[in-house]
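Before any comments, here is the structure.
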Amino acid sequence: MGRFESTLDVYSPTKEIAMLDELKMIESVAPDIIEVLQERYKILRNIYWMQPIGRRSLSESMGMTERVLRTETDLLKNLQLIDTSKSGMTLTEKGEEVYQSLENFMDQLLGMHQTEKKLAEYFGNQRCIVVSGNSDAQPKVTDAFGDALNESLNLLLPEGENIIAVMGGTTMAVVAEQLTNLENKKRHNLFVPARGGIGEAVTVQANSVSARMAANTNGDHRALYVPEQLSLATYNSLLNEPSIQEVLNLISQANCVIHSIGRALHMAARRKMTEKELIMLKQANAVAESFGYFFNENGEVVYKVPRIGIELKDLTQVPIILAIAGGKTKAKAIRAYMKNAPKQTWLITDEAAANEILKGVTL
């Protein structure tokens, strides 16, 4: 099960933990070995995220001097782990193999699982999964959200018929591309959009994202072709349409919800909300949005968009909930929303957001 081998079964020691214990024993004889290993792993990781990348850009990104970095990259090149060209440094095939083999183990070593535990204790939710990096600056980190989601779904989805309600968004669209087969003889999955979404970019609509997830996991899909924001009269008349009622009924039976968490003003602009609404959200200090609800920094609901689909109150009855959001710029939004998140929520985020959220927190 990939990186979850070392985190989900807390009662069973794993290969990574055993190796970690051995390395700590070696460290008592060679005190600098872990520091050197961490430094070189971080260089490989940053090249992997941003390749091809020049030495100057890499040194700025990592906060290292070019002189120190040159020494390390020359050594990694001699080990045939990186290539250099006019366009910058890239990992060789061997370099990628080494990086990916080290990833789980180094997560342990770099204390990622301690961060996950602290974050879950802070929010009081069931589990937090923290991937390396900052998705604001390193797009490949969002791919890692998809890998974490894939493993989570494989672990959490029960046998039988599952209905998975999916929200839209740019993060969700990228995550959908990373999913792989979740079907087996005993488990079948139906993906449905958690809300309407005509009016925004097609690729990030809940319909498109849920259809992509269904295709990549070999599941089935049902669409909901209604605008997300409606007048009350239109909203009530659409609810009486048999085809819409049928899909809404499926959505109401969802045993799994996958959603992202947005920054309030960014989401308001994306939804083409009025200038009056934008001013109101600013005055109310709105920092987060999810499920059509806007939250201030205290996690209080300051505005709600009329909508068709899942609402916040519906989540309490859903056994499997996965929230996905990362990047330092989303830390406030994540903190605000998670004050309202049902306890069974699993949060998938990155270390930049986690570190910003936990800054100054003592547990």
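So you can find residues: chains in the structure tokens are A, B, ... in the order shown, residues in each start at 1, and ligands are numbered from 1 in order.
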
**OP:** Find the residues around A:Gln126 up to 9 Å (only C-alpha atoms counted), leave out those fewer than 2 positions away in its own chain, and share them as number ranges by chain.
**Re:** A: 120-121, 123-124, 128, 342-347

Subject >> Shell around A:Ala325 at 6 Å using only C-alpha atoms, local window under 3 positions removed, as a PyMOL selection string >> reply: chain A and resi 260-261+349

Subject >> Shortest interatomic distance to A:Lys339 - which of A:Phe105, A:Tyr122, A:Trp49, A:Phe145, counting only C-alpha atoms >> reply: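 Looking at the shortest contact to A:Lys339, the residue is A:Tyr122.
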
**OP:** DSSP on the backbone, then: every residue of stretch 77-229 of chain A marked helix (DSSP H, G or I), written as JSON, numbers by chain.
**Re:** {"A": [77, 78, 93, 94, 95, 96, 97, 98, 99, 100, 101, 102, 103, 104, 105, 106, 107, 108, 109, 112, 113, 114, 115, 116, 117, 118, 119, 120, 121, 122, 123, 140, 141, 142, 143, 144, 145, 146, 147, 148, 149, 150, 151, 152, 153, 154, 155, 156, 170, 171, 172, 173, 174, 175, 176, 202, 203, 204, 206, 207, 208, 209, 210, 211, 212, 213, 214, 215, 216, 217]}

Subject >> Nearby residues (only C-alpha atoms) at most 10 Å from stretch 247-256 of chain A, same-chain spacing under 6 positions excluded, as a PyMOL selection string >> reply: chain A and resi 153+156-158+161-166+190-195+222-225+239+308-311+314-315+317-322

Same residues, N, CA, C and O atoms, output as a tab-separated table (two decimals), in the first residue's frame:
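out_36.tsv written:
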```tsv
chain	number	residue	atom	x	y	z
A	153	LEU	N	-8.62	5.78	-0.90
A	153	LEU	CA	-9.86	5.18	-1.40
A	153	LEU	C	-9.75	3.65	-1.44
A	153	LEU	O	-10.69	2.95	-1.07
A	156	LEU	N	-10.21	2.62	2.19
A	156	LEU	CA	-11.44	2.98	2.90
A	156	LEU	C	-12.72	2.46	2.26
A	156	LEU	O	-13.69	2.18	2.97
A	157	LEU	N	-12.76	2.37	0.93
A	157	LEU	CA	-14.01	1.98	0.27
A	157	LEU	C	-14.36	0.53	0.59
A	157	LEU	O	-13.55	-0.37	0.37
A	158	PRO	N	-15.56	0.30	1.12
A	158	PRO	CA	-15.94	-1.07	1.49
A	158	PRO	C	-16.33	-1.91	0.27
A	158	PRO	O	-16.48	-1.39	-0.84
A	161	GLU	N	-21.60	-1.91	-3.29
A	161	GLU	CA	-21.83	-0.75	-4.15
A	161	GLU	C	-21.51	0.54	-3.41
A	161	GLU	O	-22.08	0.80	-2.34
A	162	ASN	N	-20.62	1.33	-3.96
A	162	ASN	CA	-20.27	2.63	-3.37
A	162	ASN	C	-20.74	3.76	-4.27
A	162	ASN	O	-20.64	3.66	-5.49
A	163	ILE	N	-21.27	4.81	-3.66
A	163	ILE	CA	-21.60	6.04	-4.40
A	163	ILE	C	-20.66	7.12	-3.89
A	163	ILE	O	-20.65	7.45	-2.70
A	164	ILE	N	-19.84	7.66	-4.80
A	164	ILE	CA	-18.81	8.63	-4.45
A	164	ILE	C	-19.18	9.99	-5.04
A	164	ILE	O	-19.21	10.15	-6.26
A	165	ALA	N	-19.49	10.95	-4.18
A	165	ALA	CA	-19.86	12.30	-4.63
A	165	ALA	C	-18.61	13.17	-4.67
A	165	ALA	O	-17.84	13.21	-3.70
A	166	VAL	N	-18.41	13.85	-5.79
A	166	VAL	CA	-17.15	14.56	-6.05
A	166	VAL	C	-17.42	16.04	-6.33
A	166	VAL	O	-18.27	16.38	-7.14
A	190	LEU	N	-19.73	4.02	-8.15
A	190	LEU	CA	-20.45	4.96	-9.00
A	190	LEU	C	-20.07	6.37	-8.57
A	190	LEU	O	-20.25	6.74	-7.40
A	191	PHE	N	-19.52	7.16	-9.50
A	191	PHE	CA	-19.13	8.53	-9.21
A	191	PHE	C	-20.23	9.50	-9.67
A	191	PHE	O	-20.73	9.37	-10.78
A	192	VAL	N	-20.57	10.44	-8.80
A	192	VAL	CA	-21.56	11.46	-9.14
A	192	VAL	C	-21.01	12.83	-8.74
A	192	VAL	O	-20.22	12.93	-7.80
A	193	PRO	N	-21.39	13.90	-9.45
A	193	PRO	CA	-20.97	15.24	-9.02
A	193	PRO	C	-21.71	15.61	-7.73
A	193	PRO	O	-22.89	15.29	-7.59
A	194	ALA	N	-21.01	16.25	-6.81
A	194	ALA	CA	-21.65	16.63	-5.54
A	194	ALA	C	-22.51	17.87	-5.70
A	194	ALA	O	-23.30	18.21	-4.83
A	195	ARG	N	-22.35	18.56	-6.85
A	195	ARG	CA	-23.12	19.78	-7.09
A	195	ARG	C	-23.20	20.06	-8.58
A	195	ARG	O	-22.45	19.47	-9.36
A	222	ARG	N	-22.58	9.23	-13.27
A	222	ARG	CA	-23.85	9.88	-13.64
A	222	ARG	C	-23.65	11.39	-13.56
A	222	ARG	O	-23.02	11.89	-12.62
A	223	ALA	N	-24.20	12.12	-14.51
A	223	ALA	CA	-24.01	13.57	-14.57
A	223	ALA	C	-25.21	14.32	-14.00
A	223	ALA	O	-26.32	13.81	-13.96
A	224	LEU	N	-24.95	15.55	-13.56
A	224	LEU	CA	-26.00	16.44	-13.06
A	224	LEU	C	-25.86	17.76	-13.82
A	224	LEU	O	-25.00	18.57	-13.51
A	225	TYR	N	-26.69	17.95	-14.85
A	225	TYR	CA	-26.55	19.13	-15.71
A	225	TYR	C	-27.45	20.27	-15.24
A	225	TYR	O	-28.51	20.52	-15.81
A	239	LEU	N	-35.95	21.08	-9.14
A	239	LEU	CA	-36.03	19.96	-8.19
A	239	LEU	C	-37.14	18.98	-8.55
A	239	LEU	O	-37.13	17.83	-8.14
A	308	ILE	N	-27.82	23.43	-5.78
A	308	ILE	CA	-28.35	22.07	-5.89
A	308	ILE	C	-27.19	21.12	-5.63
A	308	ILE	O	-26.14	21.23	-6.25
A	309	GLY	N	-27.37	20.20	-4.71
A	309	GLY	CA	-26.33	19.21	-4.40
A	309	GLY	C	-26.08	19.10	-2.91
A	309	GLY	O	-26.89	19.55	-2.09
A	310	ILE	N	-24.96	18.51	-2.54
A	310	ILE	CA	-24.63	18.26	-1.13
A	310	ILE	C	-24.42	19.57	-0.40
A	310	ILE	O	-23.78	20.49	-0.89
A	311	GLU	N	-24.94	19.63	0.82
A	311	GLU	CA	-24.73	20.77	1.70
A	311	GLU	C	-23.92	20.31	2.91
A	311	GLU	O	-23.82	19.11	3.19
A	314	ASP	N	-25.32	17.79	5.34
A	314	ASP	CA	-25.46	16.42	4.85
A	314	ASP	C	-24.24	15.55	5.17
A	314	ASP	O	-24.33	14.32	5.19
A	315	LEU	N	-23.10	16.19	5.41
A	315	LEU	CA	-21.85	15.45	5.57
A	315	LEU	C	-21.81	14.60	6.84
A	315	LEU	O	-21.08	13.61	6.90
A	317	GLN	N	-23.71	12.49	7.92
A	317	GLN	CA	-24.18	11.12	7.68
A	317	GLN	C	-23.29	10.34	6.72
A	317	GLN	O	-23.55	9.18	6.44
A	318	VAL	N	-22.23	10.98	6.20
A	318	VAL	CA	-21.37	10.33	5.20
A	318	VAL	C	-20.17	9.69	5.91
A	318	VAL	O	-19.40	10.40	6.56
A	319	PRO	N	-19.99	8.37	5.80
A	319	PRO	CA	-18.93	7.71	6.56
A	319	PRO	C	-17.50	8.01	6.09
A	319	PRO	O	-16.57	8.02	6.88
A	320	ILE	N	-17.32	8.27	4.77
A	320	ILE	CA	-15.98	8.49	4.23
A	320	ILE	C	-15.92	9.88	3.59
A	320	ILE	O	-16.63	10.16	2.62
A	321	ILE	N	-15.10	10.76	4.16
A	321	ILE	CA	-14.96	12.12	3.62
A	321	ILE	C	-13.48	12.42	3.46
A	321	ILE	O	-12.70	12.25	4.40
A	322	LEU	N	-13.10	12.86	2.26
A	322	LEU	CA	-11.70	13.22	2.00
A	322	LEU	C	-11.65	14.66	1.51
A	322	LEU	O	-12.26	15.00	0.48
```

List as a PDB file with C-alpha atoms, in the first residue's frame the protein and nucleic acid residues near A:Ser85, meaning an atom at most 10 Å away when only C-alpha atoms are counted, but skip any in the same chain fewer than 4 places from it.
```pdb
ATOM      1  CA  PRO A  52      14.822  21.104 -15.690  1.00  0.00           C
ATOM      2  CA  ILE A  53      16.156  23.672 -13.219  1.00  0.00           C
ATOM      3  CA  GLY A  54      19.320  25.774 -13.160  1.00  0.00           C
ATOM      4  CA  MET A  89      19.475  19.827 -14.162  1.00  0.00           C
ATOM      5  CA  THR A  90      17.217  16.769 -14.440  1.00  0.00           C
TER       6      THR A  90
END
```

With a cut-off of 10 Å, could you pull out the residues of stretch 114-133 of chain A touching stretch 138-142 of chain A and give me the nearest pair of atoms for each, distance in Å to one decimal, using only C-alpha atoms, ordered by chain and ascending number, as a Markdown table?
```
| residue | atom | partner | partner_atom | distance |
| --- | --- | --- | --- | --- |
| A:Val131 | CA | A:Val141 | CA | 7.3 |
| A:Ser132 | CA | A:Val141 | CA | 7.1 |
| A:Gly133 | CA | A:Val141 | CA | 6.3 |
```

**OP:** Write out as a list in words the residues lying within 6 Å of stretch 326-338 of chain A, counting only C-alpha atoms and excluding same-chain residues fewer than 6 positions away.
**Re:** Asn134, Ser135, Asp136, Arg263, Val287, Ala288, Glu297, Gly299, Thr349, Asp350, Ala352, Ala353 and Ile357 of chain A
